[in-house]
$ cat coords-v4.cif   # mmCIF, C-alpha atoms
data_my_file
loop_
_atom_site.label_atom_id
_atom_site.label_comp_id
_atom_site.auth_asym_id
_atom_site.auth_seq_id
_atom_site.Cartn_x
_atom_site.Cartn_y
_atom_site.Cartn_z
CA MET R 1 133.97 46.70 102.58
CA ARG R 2 133.86 43.79 104.97
CA ALA R 3 136.89 41.58 105.55
CA ILE R 4 134.80 38.52 104.75
CA ASP R 5 134.03 39.89 101.25
CA ARG R 6 137.74 39.97 100.50
CA GLY R 7 138.30 36.46 101.86
CA LEU R 8 140.07 37.86 104.90
CA CYS R 9 139.58 37.14 108.57
CA ARG R 10 141.11 38.70 111.64
CA CYS R 11 142.41 36.18 114.15
CA HIS R 12 140.51 36.70 117.41
CA VAL R 13 143.54 35.68 119.48
CA CYS R 14 146.54 37.48 117.97
CA GLY R 15 144.86 40.05 115.72
CA LYS R 16 146.55 38.95 112.51
CA LEU R 17 144.62 39.61 109.32
CA ALA R 18 144.76 36.31 107.52
CA ARG R 19 143.36 34.80 104.35
CA HIS R 20 140.23 32.71 104.80
CA PRO R 21 138.73 31.84 101.45
CA GLY R 22 135.21 30.86 102.38
CA ASP R 23 134.32 27.37 103.57
CA GLY R 24 136.72 25.03 105.28
CA SER R 25 138.84 25.36 108.36
CA TYR R 26 142.06 27.33 108.39
CA LEU R 27 144.62 28.04 111.06
CA CYS R 28 146.03 31.48 111.80
CA PRO R 29 149.46 31.59 110.13
CA ARG R 30 150.91 33.37 113.14
CA CYS R 31 149.48 31.75 116.27
CA HIS R 32 147.90 28.58 114.81
CA THR R 33 144.49 29.20 116.38
CA PRO R 34 141.57 28.05 114.21
CA LEU R 35 140.24 31.05 112.27
CA HIS R 36 136.54 31.89 112.34
CA PRO R 37 135.18 34.73 110.19
CA ARG R 38 132.16 34.63 112.55
CA ILE R 39 131.93 32.93 115.95
CA PRO R 40 130.74 29.38 115.14
CA TYR R 41 127.15 28.63 116.21
CA SER R 42 127.03 32.06 117.81
CA VAL R 43 123.24 32.36 117.84
CA SER R 44 122.45 28.89 119.16
CA ARG R 45 125.15 29.07 121.83
CA ALA R 46 123.94 32.48 122.96
CA TRP R 47 120.34 31.19 123.07
CA ALA R 48 121.38 28.16 125.09
CA PHE R 49 123.17 30.24 127.70
CA THR R 50 120.41 32.84 127.80
CA LEU R 51 117.59 30.34 128.26
CA THR R 52 119.50 28.52 130.98
CA ALA R 53 120.19 31.84 132.69
CA LEU R 54 116.47 32.64 132.45
CA ILE R 55 115.59 29.39 134.24
CA VAL R 56 118.21 29.87 136.96
CA PHE R 57 117.04 33.47 137.36
CA VAL R 58 113.83 32.23 139.07
CA PRO R 59 115.44 30.49 142.10
CA ALA R 60 118.00 33.30 142.31
CA ASN R 61 115.21 35.74 143.07
CA VAL R 62 112.74 33.52 144.91
CA PHE R 63 115.10 31.94 147.41
CA PRO R 64 116.94 34.01 150.03
CA ILE R 65 120.56 34.83 149.20
CA MET R 66 121.57 35.29 152.80
CA THR R 67 120.22 34.99 156.34
CA VAL R 68 120.98 37.46 159.11
CA ARG R 69 120.91 35.70 162.49
CA LYS R 70 120.89 37.65 165.73
CA ILE R 71 120.25 36.34 169.24
CA ASP R 72 116.53 37.00 169.10
CA ASN R 73 115.63 36.68 165.45
CA THR R 74 116.50 35.15 162.11
CA ILE R 75 115.86 37.14 158.96
CA PRO R 76 116.37 35.46 155.59
CA SER R 77 116.50 37.97 152.77
CA THR R 78 116.15 37.74 149.03
CA ILE R 79 117.91 40.11 146.64
CA LEU R 80 114.90 42.39 146.40
CA ALA R 81 114.31 42.36 150.17
CA GLY R 82 117.94 43.37 150.70
CA VAL R 83 117.49 46.39 148.45
CA ILE R 84 114.24 47.42 150.18
CA ASP R 85 115.91 47.01 153.55
CA LEU R 86 118.78 49.30 152.52
CA ALA R 87 116.35 51.90 151.18
CA ARG R 88 114.28 51.86 154.41
CA ASN R 89 117.36 52.41 156.54
CA ASP R 90 118.19 55.71 154.84
CA MET R 91 120.89 54.25 152.65
CA LEU R 92 119.23 55.16 149.39
CA PRO R 93 122.40 55.71 147.28
CA ILE R 94 123.73 52.25 148.16
CA ALA R 95 120.27 50.76 147.68
CA ILE R 96 120.25 52.19 144.15
CA VAL R 97 123.74 50.81 143.43
CA VAL R 98 122.77 47.32 144.64
CA PHE R 99 119.44 47.48 142.78
CA ILE R 100 121.20 48.37 139.53
CA ALA R 101 123.91 45.74 139.94
CA SER R 102 121.82 42.80 141.02
CA ILE R 103 118.34 43.36 139.58
CA ALA R 104 118.40 45.92 136.75
CA VAL R 105 121.61 44.63 135.14
CA PRO R 106 120.65 40.91 134.92
CA VAL R 107 117.14 41.73 133.68
CA PHE R 108 118.42 44.20 131.12
CA LYS R 109 121.08 41.75 129.97
CA LEU R 110 118.63 38.90 129.49
CA VAL R 111 116.07 41.06 127.68
CA GLY R 112 118.77 42.76 125.60
CA ILE R 113 120.44 39.59 124.42
CA MET R 114 117.11 38.01 123.54
CA PHE R 115 116.20 41.14 121.56
CA LEU R 116 119.51 40.99 119.65
CA LEU R 117 119.09 37.28 118.97
CA PHE R 118 115.54 37.76 117.69
CA THR R 119 116.69 40.61 115.45
CA VAL R 120 119.54 38.62 113.96
CA GLN R 121 117.29 35.63 113.35
CA ARG R 122 114.57 37.74 111.73
CA GLY R 123 117.20 38.89 109.26
CA ARG R 124 115.88 42.33 108.41
CA PRO R 125 118.25 45.33 108.55
CA ILE R 126 117.99 47.45 111.68
CA ASN R 127 119.79 50.47 113.07
CA ALA R 128 123.09 48.64 113.43
CA ALA R 129 124.89 51.43 115.28
CA GLN R 130 122.20 51.45 117.98
CA ALA R 131 122.12 47.66 118.26
CA THR R 132 125.91 47.56 118.55
CA ASN R 133 125.80 50.16 121.31
CA MET R 134 123.29 48.00 123.12
CA TYR R 135 125.54 44.97 122.74
CA ARG R 136 128.52 46.92 124.06
CA PHE R 137 126.51 48.14 127.01
CA ILE R 138 125.45 44.56 127.83
CA ASP R 139 129.05 43.43 127.56
CA LEU R 140 130.27 46.27 129.77
CA ILE R 141 127.77 45.98 132.62
CA GLY R 142 127.71 42.19 132.87
CA ARG R 143 130.56 41.80 135.29
CA TRP R 144 129.08 44.32 137.76
CA SER R 145 126.46 41.76 138.79
CA MET R 146 129.22 39.99 140.68
CA LEU R 147 128.89 42.82 143.20
CA ASP R 148 126.32 41.05 145.36
CA LEU R 149 128.38 37.86 145.52
CA PHE R 150 131.46 39.73 146.70
CA VAL R 151 129.33 41.52 149.30
CA ILE R 152 128.02 38.17 150.53
CA SER R 153 131.55 36.82 150.75
CA ILE R 154 132.63 39.83 152.83
CA LEU R 155 129.56 39.86 155.12
CA VAL R 156 129.57 36.13 155.75
CA THR R 157 133.23 36.19 156.74
CA LEU R 158 133.16 39.34 158.84
CA VAL R 159 129.89 38.70 160.65
CA SER R 160 130.42 35.25 162.11
CA PHE R 161 130.11 35.43 165.86
CA GLY R 162 128.46 32.09 166.48
CA GLN R 163 125.13 32.42 168.28
CA PHE R 164 125.45 36.15 168.90
CA ALA R 165 125.16 37.34 165.37
CA SER R 166 126.00 35.75 162.08
CA ILE R 167 125.26 36.12 158.41
CA GLU R 168 124.96 32.96 156.39
CA ALA R 169 124.85 32.43 152.67
CA ASN R 170 121.80 30.67 151.19
CA ILE R 171 120.94 28.71 148.11
CA GLY R 172 119.79 31.85 146.27
CA ALA R 173 123.40 33.02 146.18
CA SER R 174 124.50 29.91 144.31
CA ALA R 175 121.70 30.38 141.78
CA PHE R 176 122.56 34.06 141.38
CA ALA R 177 126.20 33.17 140.74
CA GLY R 178 124.91 30.83 138.04
CA VAL R 179 122.91 33.64 136.42
CA VAL R 180 125.93 35.96 136.39
CA VAL R 181 128.26 33.39 134.81
CA LEU R 182 125.65 32.25 132.28
CA THR R 183 124.86 35.79 131.13
CA LEU R 184 128.59 36.52 130.84
CA LEU R 185 128.99 33.43 128.64
CA ALA R 186 125.91 34.38 126.60
CA ALA R 187 127.27 37.86 125.87
CA GLU R 188 130.64 36.34 124.98
CA SER R 189 129.10 33.87 122.51
CA PHE R 190 127.09 36.51 120.68
CA ASP R 191 128.91 37.83 117.62
CA PRO R 192 128.18 41.56 117.06
CA ARG R 193 129.31 41.24 113.45
CA LEU R 194 126.04 39.43 112.78
CA ILE R 195 124.22 42.72 113.42
CA TRP R 196 126.23 44.40 110.68
CA ASP R 197 125.82 41.48 108.30
CA LEU R 198 122.10 42.32 108.27
CA GLN R 199 122.94 45.57 106.47
CA GLU R 200 124.47 43.75 103.53
CA PRO R 201 122.16 43.01 100.60
CA THR R 202 121.60 39.26 100.51
CA PRO R 203 122.53 37.64 97.19
CA MET U 1 149.92 67.85 115.10
CA GLN U 2 150.41 70.09 112.09
CA ALA U 3 150.12 68.56 108.67
CA THR U 4 153.39 68.54 106.82
CA GLU U 5 153.69 68.79 103.13
CA LEU U 6 155.19 65.77 101.51
CA THR U 7 158.80 66.39 100.55
CA PRO U 8 160.49 63.14 99.53
CA ALA U 9 164.01 64.53 99.82
CA SER U 10 163.80 65.67 103.46
CA HIS U 11 164.65 63.25 106.22
CA GLY U 12 162.02 61.58 108.33
CA VAL U 13 159.06 63.48 106.93
CA CYS U 14 156.70 61.14 105.20
CA PRO U 15 153.01 60.37 105.55
CA PRO U 16 152.27 57.98 108.41
CA ALA U 17 152.31 54.37 107.31
CA THR U 18 148.98 52.58 107.56
CA HIS U 19 148.17 49.01 108.45
CA LEU U 20 145.34 46.93 107.11
CA SER U 21 143.13 45.49 109.81
CA ALA U 22 139.54 44.40 110.31
CA CYS U 23 137.17 45.60 113.01
CA LEU U 24 136.39 42.77 115.43
CA GLU U 25 132.89 44.10 116.08
CA CYS U 26 131.60 44.80 112.55
CA ASP U 27 134.18 43.18 110.22
CA GLN U 28 134.85 46.45 108.37
CA LEU U 29 138.26 46.53 106.65
CA LEU U 30 140.30 49.34 108.14
CA ASP U 31 143.42 51.32 107.34
CA ILE U 32 144.87 52.27 110.68
CA PRO U 33 147.62 54.93 110.64
CA ASP U 34 150.77 54.22 112.59
CA ASP U 35 150.66 57.26 114.81
CA GLN U 36 147.09 57.17 116.15
CA PRO U 37 147.07 56.51 119.89
CA ARG U 38 143.38 55.49 120.03
CA PRO U 39 142.11 54.38 116.64
CA ARG U 40 138.40 53.68 116.22
CA CYS U 41 136.36 51.94 113.59
CA PRO U 42 134.69 54.65 111.44
CA ARG U 43 131.60 52.47 110.89
CA CYS U 44 130.72 51.12 114.33
CA GLY U 45 133.04 53.14 116.59
CA ALA U 46 134.74 50.15 118.22
CA ALA U 47 138.16 50.86 119.74
CA GLN U 48 141.01 49.19 117.84
CA ALA U 49 144.43 48.20 119.13
CA PRO U 50 146.83 51.05 118.27
CA PHE U 51 149.79 50.43 115.95
CA GLN U 52 152.18 52.55 117.97
CA PRO U 53 155.46 50.80 118.74
CA PHE U 54 155.25 48.51 121.73
CA ASP U 55 157.97 48.00 124.29
CA PRO U 56 157.57 45.17 126.82
CA THR U 57 159.61 47.08 129.42
CA ARG U 58 156.71 49.27 130.52
CA PRO U 59 154.11 46.57 131.26
CA LEU U 60 156.89 44.51 132.84
CA ALA U 61 157.77 47.27 135.29
CA LEU U 62 154.13 48.02 136.13
CA ALA U 63 153.21 44.35 136.57
CA LEU U 64 156.23 43.75 138.81
CA ALA U 65 155.23 46.69 141.00
CA ALA U 66 151.66 45.36 141.14
CA LEU U 67 152.85 41.88 142.03
CA ILE U 68 154.96 43.25 144.87
CA LEU U 69 151.92 45.12 146.20
CA ALA U 70 149.82 42.00 145.82
CA ILE U 71 151.84 40.36 148.58
CA PRO U 72 150.75 42.69 151.43
CA ALA U 73 147.32 43.11 149.82
CA ASN U 74 146.71 39.39 150.21
CA LEU U 75 148.61 38.62 153.39
CA TYR U 76 147.32 41.49 155.53
CA PRO U 77 143.60 41.62 156.33
CA GLN U 78 141.72 44.12 154.16
CA MET U 79 138.88 44.76 156.57
CA ALA U 80 138.30 44.23 160.26
CA PHE U 81 134.94 44.07 161.99
CA SER U 82 134.39 43.61 165.67
CA LEU U 83 131.31 43.10 167.79
CA LEU U 84 131.38 43.02 171.60
CA GLY U 85 135.16 42.99 171.55
CA ARG U 86 135.44 39.98 169.26
CA PRO U 87 137.29 40.82 166.04
CA ASN U 88 136.96 39.24 162.60
CA ALA U 89 139.21 40.01 159.65
CA TYR U 90 138.80 39.61 155.90
CA THR U 91 141.46 38.56 153.43
CA LEU U 92 140.67 37.68 149.81
CA ALA U 93 141.66 34.04 150.19
CA GLY U 94 140.09 33.77 153.65
CA GLY U 95 136.70 35.06 152.51
CA ALA U 96 136.47 32.70 149.56
CA TRP U 97 137.73 29.84 151.69
CA HIS U 98 135.10 30.54 154.34
CA LEU U 99 132.36 30.23 151.70
CA ILE U 100 133.80 26.98 150.39
CA ASP U 101 134.10 25.74 153.95
CA VAL U 102 130.41 26.26 154.75
CA GLY U 103 129.38 24.38 151.63
CA PHE U 104 129.07 27.14 149.05
CA TRP U 105 131.98 25.86 147.03
CA TRP U 106 130.58 27.15 143.75
CA VAL U 107 130.16 30.76 144.93
CA GLY U 108 133.41 30.55 146.89
CA ALA U 109 135.36 29.26 143.92
CA LEU U 110 133.92 32.00 141.71
CA VAL U 111 134.89 34.69 144.22
CA LEU U 112 138.34 33.13 144.56
CA VAL U 113 138.90 33.07 140.80
CA CYS U 114 137.66 36.62 140.14
CA THR U 115 139.44 38.37 143.01
CA LEU U 116 142.58 36.33 143.59
CA VAL U 117 143.50 33.67 141.05
CA ALA U 118 142.74 35.54 137.81
CA PRO U 119 144.57 38.77 138.82
CA LEU U 120 147.63 36.88 140.02
CA VAL U 121 147.73 34.67 136.92
CA LEU U 122 147.32 37.75 134.74
CA LEU U 123 150.21 39.54 136.45
CA SER U 124 152.39 36.45 136.19
CA LEU U 125 151.57 36.17 132.48
CA ILE U 126 152.51 39.80 131.80
CA ILE U 127 155.76 39.40 133.74
CA GLY U 128 156.49 35.98 132.27
CA THR U 129 155.97 36.91 128.62
CA CYS U 130 157.84 40.23 128.90
CA LEU U 131 160.77 38.61 130.72
CA ALA U 132 160.85 35.74 128.24
CA TRP U 133 161.03 38.34 125.48
CA LYS U 134 163.88 40.23 127.14
CA LEU U 135 165.85 37.06 127.90
CA HIS U 136 165.32 35.62 124.40
CA LEU U 137 163.64 32.50 125.75
CA PRO U 138 161.90 30.12 123.31
CA SER U 139 159.22 31.94 121.35
CA SER U 140 156.67 29.18 121.85
CA TRP U 141 156.58 30.06 125.58
CA ILE U 142 155.67 33.65 124.77
CA ALA U 143 152.99 32.45 122.35
CA SER U 144 151.29 30.22 124.92
CA GLY U 145 151.49 33.00 127.50
CA LEU U 146 149.83 35.49 125.17
CA LYS U 147 147.07 33.02 124.27
CA LEU U 148 146.35 32.31 127.92
CA TYR U 149 146.32 36.04 128.75
CA HIS U 150 143.40 36.45 126.40
CA GLN U 151 141.29 33.95 128.30
CA VAL U 152 142.14 35.08 131.81
CA ALA U 153 141.67 38.83 131.32
CA SER U 154 137.87 38.82 131.32
CA TRP U 155 137.71 37.10 134.71
CA VAL U 156 139.62 39.81 136.58
CA MET U 157 136.93 41.65 138.54
CA LEU U 158 138.88 43.65 141.09
CA ASP U 159 137.05 46.88 140.26
CA VAL U 160 133.72 45.21 141.10
CA TYR U 161 135.22 43.93 144.33
CA LEU U 162 136.25 47.49 145.22
CA LEU U 163 132.61 48.58 144.92
CA ALA U 164 131.58 45.56 147.01
CA VAL U 165 133.89 46.76 149.79
CA ILE U 166 132.19 50.17 149.73
CA VAL U 167 128.73 48.57 149.91
CA SER U 168 129.88 46.41 152.82
CA VAL U 169 131.21 49.45 154.68
CA VAL U 170 127.80 51.06 154.46
CA LYS U 171 125.98 47.90 155.50
CA LEU U 172 128.18 47.15 158.50
CA LYS U 173 129.09 50.53 159.92
CA ASP U 174 126.03 50.71 162.18
CA MET U 175 126.27 47.13 163.41
CA GLY U 176 129.65 47.20 165.09
CA SER U 177 133.07 48.76 164.68
CA PHE U 178 134.32 48.43 161.16
CA GLU U 179 137.63 49.52 159.72
CA LEU U 180 139.58 49.25 156.51
CA THR U 181 143.07 47.97 157.26
CA THR U 182 146.52 47.97 155.65
CA GLY U 183 145.74 45.19 153.19
CA PHE U 184 142.95 47.24 151.62
CA PHE U 185 145.15 50.25 150.86
CA CYS U 186 147.80 48.02 149.32
CA PHE U 187 144.98 46.44 147.32
CA VAL U 188 143.78 49.78 145.91
CA LEU U 189 147.32 50.68 144.81
CA MET U 190 147.71 47.24 143.28
CA LEU U 191 144.42 47.65 141.40
CA VAL U 192 145.60 50.96 139.90
CA LEU U 193 148.94 49.47 138.80
CA LEU U 194 147.28 46.36 137.41
CA SER U 195 144.85 48.46 135.34
CA VAL U 196 147.63 50.61 133.90
CA ALA U 197 149.72 47.51 133.17
CA MET U 198 146.79 45.90 131.34
CA VAL U 199 146.27 49.02 129.20
CA SER U 200 149.95 49.20 128.26
CA PHE U 201 150.15 45.48 127.51
CA ASN U 202 149.08 45.59 123.84
CA THR U 203 149.02 41.89 122.98
CA GLU U 204 148.50 42.45 119.24
CA ARG U 205 151.67 44.52 118.94
CA PHE U 206 153.46 42.00 121.12
CA TRP U 207 152.46 39.36 118.55
CA ASP U 208 153.92 41.60 115.81
CA LEU U 209 157.25 41.79 117.66
CA TRP U 210 157.12 38.05 118.24
CA GLU U 211 156.52 37.39 114.54
CA ALA U 212 159.33 39.72 113.47
CA ARG U 213 161.83 38.10 115.80
CA ARG U 214 160.77 34.64 114.67
CA ALA U 215 161.19 35.57 111.00
CA GLY U 216 164.59 37.11 111.72
CA HIS U 217 165.99 33.96 113.20
#
$ encode --input "coords-v4.cif" --output "structure tokens"
Amino acid sequence: MRAIDRGLCRCHVCGKLARHPGDGSYLCPRCHTPLHPRIPYSVSRAWAFTLTALIVFVPANVFPIMTVRKIDNTIPSTILAGVIDLARNDMLPIAIVVFIASIAVPVFKLVGIMFLLFTVQRGRPINAAQATNMYRFIDLIGRWSMLDLFVISILVTLVSFGQFASIEANIGASAFAGVVVLTLLAAESFDPRLIWDLQEPTP
Amino acid sequence: MQATELTPASHGVCPPATHLSACLECDQLLDIPDDQPRPRCPRCGAAQAPFQPFDPTRPLALALAALILAIPANLYPQMAFSLLGRPNAYTLAGGAWHLIDVGFWWVGALVLVCTLVAPLVLLSLIIGTCLAWKLHLPSSWIASGLKLYHQVASWVMLDVYLLAVIVSVVKLKDMGSFELTTGFFCFVLMLVLLSVAMVSFNTERFWDLWEARRAGH
């Protein structure tokens, strides 16, 4: 039995189970937050964030995220080039970690959310337990994409020796930060309860 | 725990009380027993907030300890790197500020929020709401603190930062002399305390206490 079938709704802020008889707007009796049986406009908000993230994803990978400057040479590197560089220099475990955090995770998140959105819009029942697990996984891994940005912050600050050697941030980093925030917002806007609503026989 | 047979006359032995709740991930109506430390939704498996009694003393103590450690963790450099005898040091605020300074204000601000502002605000909120509860301060203060806590919590990314430090160690160790300094060890301790404080700070049960006190007055 779903809470919505009984005209109940759990407040997403304070956790109170409150009455919400169908249409109309109601406030939580305890904390006075507006109650929503489902996140309002969940699918369109999630689509908006996902599509924007998809667009920003292109410059994030095409443009270099940082430039390593030494006396004799200047090497700009993109995310992928950074991973390859780590792997070549016998730092395979770290290369794998960075690859997962900054390439595999964003791609998987974007593809995963789009899959969930398509499924919900198609409206046919699916294996809800599996889809929920996928949603949880997307939600869990999202923040780990911040890894590369923290690394850039550390490297840029520590390696600044003027003309000798310096590491500078590039425009790709800004775009990548955009992708991370947008995918976080997309995952937050998606309401996993919609997956389970597909199981219910439609009247 | 062994099941006890129901004997209405004996003291203190009765079946655990249950509370009606709804799963936030699949909207299933749930009956959660009082004594379960980690209840889960039987349909989708989502973790639910336990109904065990909540005491604000514990998160208060942990958050205070974390806040004290946050002082050296932020004031002392966390990493030092030197090349040809010229040293550079990294502090959380300094790193983010450096990025903002060279024009990457958006990345810098994001790093600043996730590693410094959000954790400190979160700690202050835990301490503030628990203290306000203990000192019987106006209940509306506690309510706004608890609402804000909800929004800040997802932006605390200190665990990701910890991994970033490890990646940086590997990247820099061949370039020059790199060392982790006092600030970093204080930071790790602070991270542990902050995580434990966040787990023990059960906002839903805090709301229950809040409601009960409000009704009593």
$ residues_around --input "coords-v4.cif" --residues "segment 53-67 of chain R" --least-positions-apart "3" --cutoff "7 Å" --atoms "only C-alpha atoms" --output "tab-separated table (two decimals) with C-alpha atoms, keeping the file's coordinate frame"
chain	number	residue	atom	x	y	z
R	49	PHE	CA	123.17	30.24	127.70
R	50	THR	CA	120.41	32.84	127.80
R	74	THR	CA	116.50	35.15	162.11
R	75	ILE	CA	115.86	37.14	158.96
R	76	PRO	CA	116.37	35.46	155.59
R	77	SER	CA	116.50	37.97	152.77
R	78	THR	CA	116.15	37.74	149.03
R	79	ILE	CA	117.91	40.11	146.64
R	167	ILE	CA	125.26	36.12	158.41
R	168	GLU	CA	124.96	32.96	156.39
R	169	ALA	CA	124.85	32.43	152.67
R	170	ASN	CA	121.80	30.67	151.19
R	171	ILE	CA	120.94	28.71	148.11
R	172	GLY	CA	119.79	31.85	146.27
R	173	ALA	CA	123.40	33.02	146.18
R	175	ALA	CA	121.70	30.38	141.78
R	176	PHE	CA	122.56	34.06	141.38
R	178	GLY	CA	124.91	30.83	138.04
R	179	VAL	CA	122.91	33.64	136.42
R	182	LEU	CA	125.65	32.25	132.28
R	183	THR	CA	124.86	35.79	131.13
$ resolve_selection --input "coords-v4.cif" --expression "the PyMOL selection byres ((chain U) within 6 of (chain R))" --output "short mmCIF file (atom, residue, chain, number, x, y, z; two decimals) with C-alpha atoms, in the frame of the given file"
data_model
loop_
_atom_site.label_atom_id
_atom_site.label_comp_id
_atom_site.auth_asym_id
_atom_site.auth_seq_id
_atom_site.Cartn_x
_atom_site.Cartn_y
_atom_site.Cartn_z
CA GLU U 25 132.89 44.10 116.08
CA CYS U 26 131.60 44.80 112.55
CA ASP U 27 134.18 43.18 110.22
CA GLN U 28 134.85 46.45 108.37
CA LEU U 29 138.26 46.53 106.65
CA CYS U 44 130.72 51.12 114.33
CA PHE U 81 134.94 44.07 161.99
CA ASN U 88 136.96 39.24 162.60
CA GLY U 95 136.70 35.06 152.51
CA VAL U 107 130.16 30.76 144.93
CA VAL U 160 133.72 45.21 141.10
CA ALA U 164 131.58 45.56 147.01
CA GLU U 204 148.50 42.45 119.24
#
$ atom_distance --input "coords-v4.cif" --atom1 "atom CA of Leu120 of chain U" --atom2 "atom CA of Ala70 of chain U"
8.0 Å
$ resolve_selection --input "coords-v4.cif" --expression "the PyMOL selection byres ((chain R and resi 109-120) around 8)" --output "compact mmCIF listing (two decimals) with C-alpha atoms, keeping the file's coordinate frame"
# COMPACT_ATOMS: atom_id res chain seq x y z
CA VAL R 43 123.24 32.36 117.84
CA ALA R 46 123.94 32.48 122.96
CA TRP R 47 120.34 31.19 123.07
CA THR R 50 120.41 32.84 127.80
CA ALA R 53 120.19 31.84 132.69
CA LEU R 54 116.47 32.64 132.45
CA VAL R 105 121.61 44.63 135.14
CA PRO R 106 120.65 40.91 134.92
CA VAL R 107 117.14 41.73 133.68
CA PHE R 108 118.42 44.20 131.12
CA GLN R 121 117.29 35.63 113.35
CA ARG R 122 114.57 37.74 111.73
CA GLY R 123 117.20 38.89 109.26
CA ARG R 124 115.88 42.33 108.41
CA ILE R 126 117.99 47.45 111.68
CA ALA R 131 122.12 47.66 118.26
CA MET R 134 123.29 48.00 123.12
CA TYR R 135 125.54 44.97 122.74
CA ILE R 138 125.45 44.56 127.83
CA GLY R 142 127.71 42.19 132.87
CA THR R 183 124.86 35.79 131.13
CA ALA R 186 125.91 34.38 126.60
CA ALA R 187 127.27 37.86 125.87
CA LEU R 194 126.04 39.43 112.78
CA ILE R 195 124.22 42.72 113.42
CA LEU R 198 122.10 42.32 108.27
$ atom_distance --input "coords-v4.cif" --atom1 "atom CA of Ser82 of chain U" --atom2 "atom CA of Ser177 of chain U"
5.4 Å
$ resolve_selection --input "coords-v4.cif" --expression "the PyMOL selection byres ((chain U and resi 65) around 10)" --output "short mmCIF file (atom, residue, chain, number, x, y, z; two decimals) with C-alpha atoms, in the coordinates of the input"
data_model
loop_
_atom_site.label_atom_id
_atom_site.label_comp_id
_atom_site.auth_asym_id
_atom_site.auth_seq_id
_atom_site.Cartn_x
_atom_site.Cartn_y
_atom_site.Cartn_z
CA PRO U 59 154.11 46.57 131.26
CA LEU U 60 156.89 44.51 132.84
CA ALA U 61 157.77 47.27 135.29
CA LEU U 62 154.13 48.02 136.13
CA ALA U 63 153.21 44.35 136.57
CA LEU U 64 156.23 43.75 138.81
CA ALA U 66 151.66 45.36 141.14
CA LEU U 67 152.85 41.88 142.03
CA ILE U 68 154.96 43.25 144.87
CA LEU U 69 151.92 45.12 146.20
CA ALA U 70 149.82 42.00 145.82
CA LEU U 123 150.21 39.54 136.45
CA LEU U 189 147.32 50.68 144.81
CA MET U 190 147.71 47.24 143.28
CA LEU U 193 148.94 49.47 138.80
CA LEU U 194 147.28 46.36 137.41
CA ALA U 197 149.72 47.51 133.17
#
$ atom_distance --input "coords-v4.cif" --atom1 "atom CA of Cys28 of chain R" --atom2 "atom CA of Ile142 of chain U"
16.3 Å
$ closest_residue --input "coords-v4.cif" --among "U:Trp155, U:Phe178, U:Lys171, U:Asp208" --to "Pro87 of chain U" --atoms "only C-alpha atoms"
U:Phe178
$ closest_residue --input "coords-v4.cif" --among "U:Val111, U:Ala93, U:Ile166, U:Cys130" --to "Phe54 of chain U" --atoms "only C-alpha atoms"
U:Cys130
$ residues_near_point --input "coords-v4.cif" --point "(161.6, 32.6, 119.2)" --cutoff "7 Å" --atoms "all atoms listed in the file" --output "PyMOL selection string"
chain U and resi 137-140+213-214
$ axis_aligned_box --input "coords-v4.cif" --around "segment 8-16 of chain R" --padding-each-side "8 Å" --output "AutoDock Vina command-line options"
--center_x 143.1 --center_y 37.9 --center_z 112.2 --size_x 23.0 --size_y 20.4 --size_z 30.6
$ build_atoms --input "coords-v4.cif" --residues "segment 162-171 of chain U" --atoms "N, CA and C atoms" --output "mmCIF file, in the frame of the given file"
data_model
loop_
_atom_site.group_PDB
_atom_site.id
_atom_site.type_symbol
_atom_site.label_atom_id
_atom_site.label_comp_id
_atom_site.auth_asym_id
_atom_site.auth_seq_id
_atom_site.Cartn_x
_atom_site.Cartn_y
_atom_site.Cartn_z
ATOM 1 N N LEU U 162 136.053 46.208 144.529
ATOM 2 C CA LEU U 162 136.250 47.490 145.220
ATOM 3 C C LEU U 162 134.902 48.101 145.584
ATOM 4 N N LEU U 163 133.945 48.054 144.641
ATOM 5 C CA LEU U 163 132.610 48.580 144.920
ATOM 6 C C LEU U 163 131.931 47.756 146.012
ATOM 7 N N ALA U 164 132.171 46.434 145.999
ATOM 8 C CA ALA U 164 131.580 45.560 147.010
ATOM 9 C C ALA U 164 132.069 45.943 148.406
ATOM 10 N N VAL U 165 133.351 46.331 148.496
ATOM 11 C CA VAL U 165 133.890 46.760 149.790
ATOM 12 C C VAL U 165 133.136 47.996 150.276
ATOM 13 N N ILE U 166 132.896 48.941 149.346
ATOM 14 C CA ILE U 166 132.190 50.170 149.730
ATOM 15 C C ILE U 166 130.774 49.850 150.212
ATOM 16 N N VAL U 167 130.088 48.954 149.492
ATOM 17 C CA VAL U 167 128.730 48.570 149.910
ATOM 18 C C VAL U 167 128.774 47.927 151.295
ATOM 19 N N SER U 168 129.772 47.074 151.523
ATOM 20 C CA SER U 168 129.880 46.410 152.820
ATOM 21 C C SER U 168 130.130 47.404 153.944
ATOM 22 N N VAL U 169 130.951 48.421 153.674
ATOM 23 C CA VAL U 169 131.210 49.450 154.680
ATOM 24 C C VAL U 169 129.890 50.061 155.121
ATOM 25 N N VAL U 170 129.063 50.421 154.141
ATOM 26 C CA VAL U 170 127.800 51.060 154.460
ATOM 27 C C VAL U 170 126.883 50.122 155.230
ATOM 28 N N LYS U 171 126.887 48.838 154.841
ATOM 29 C CA LYS U 171 125.980 47.900 155.500
ATOM 30 C C LYS U 171 126.404 47.611 156.933
#
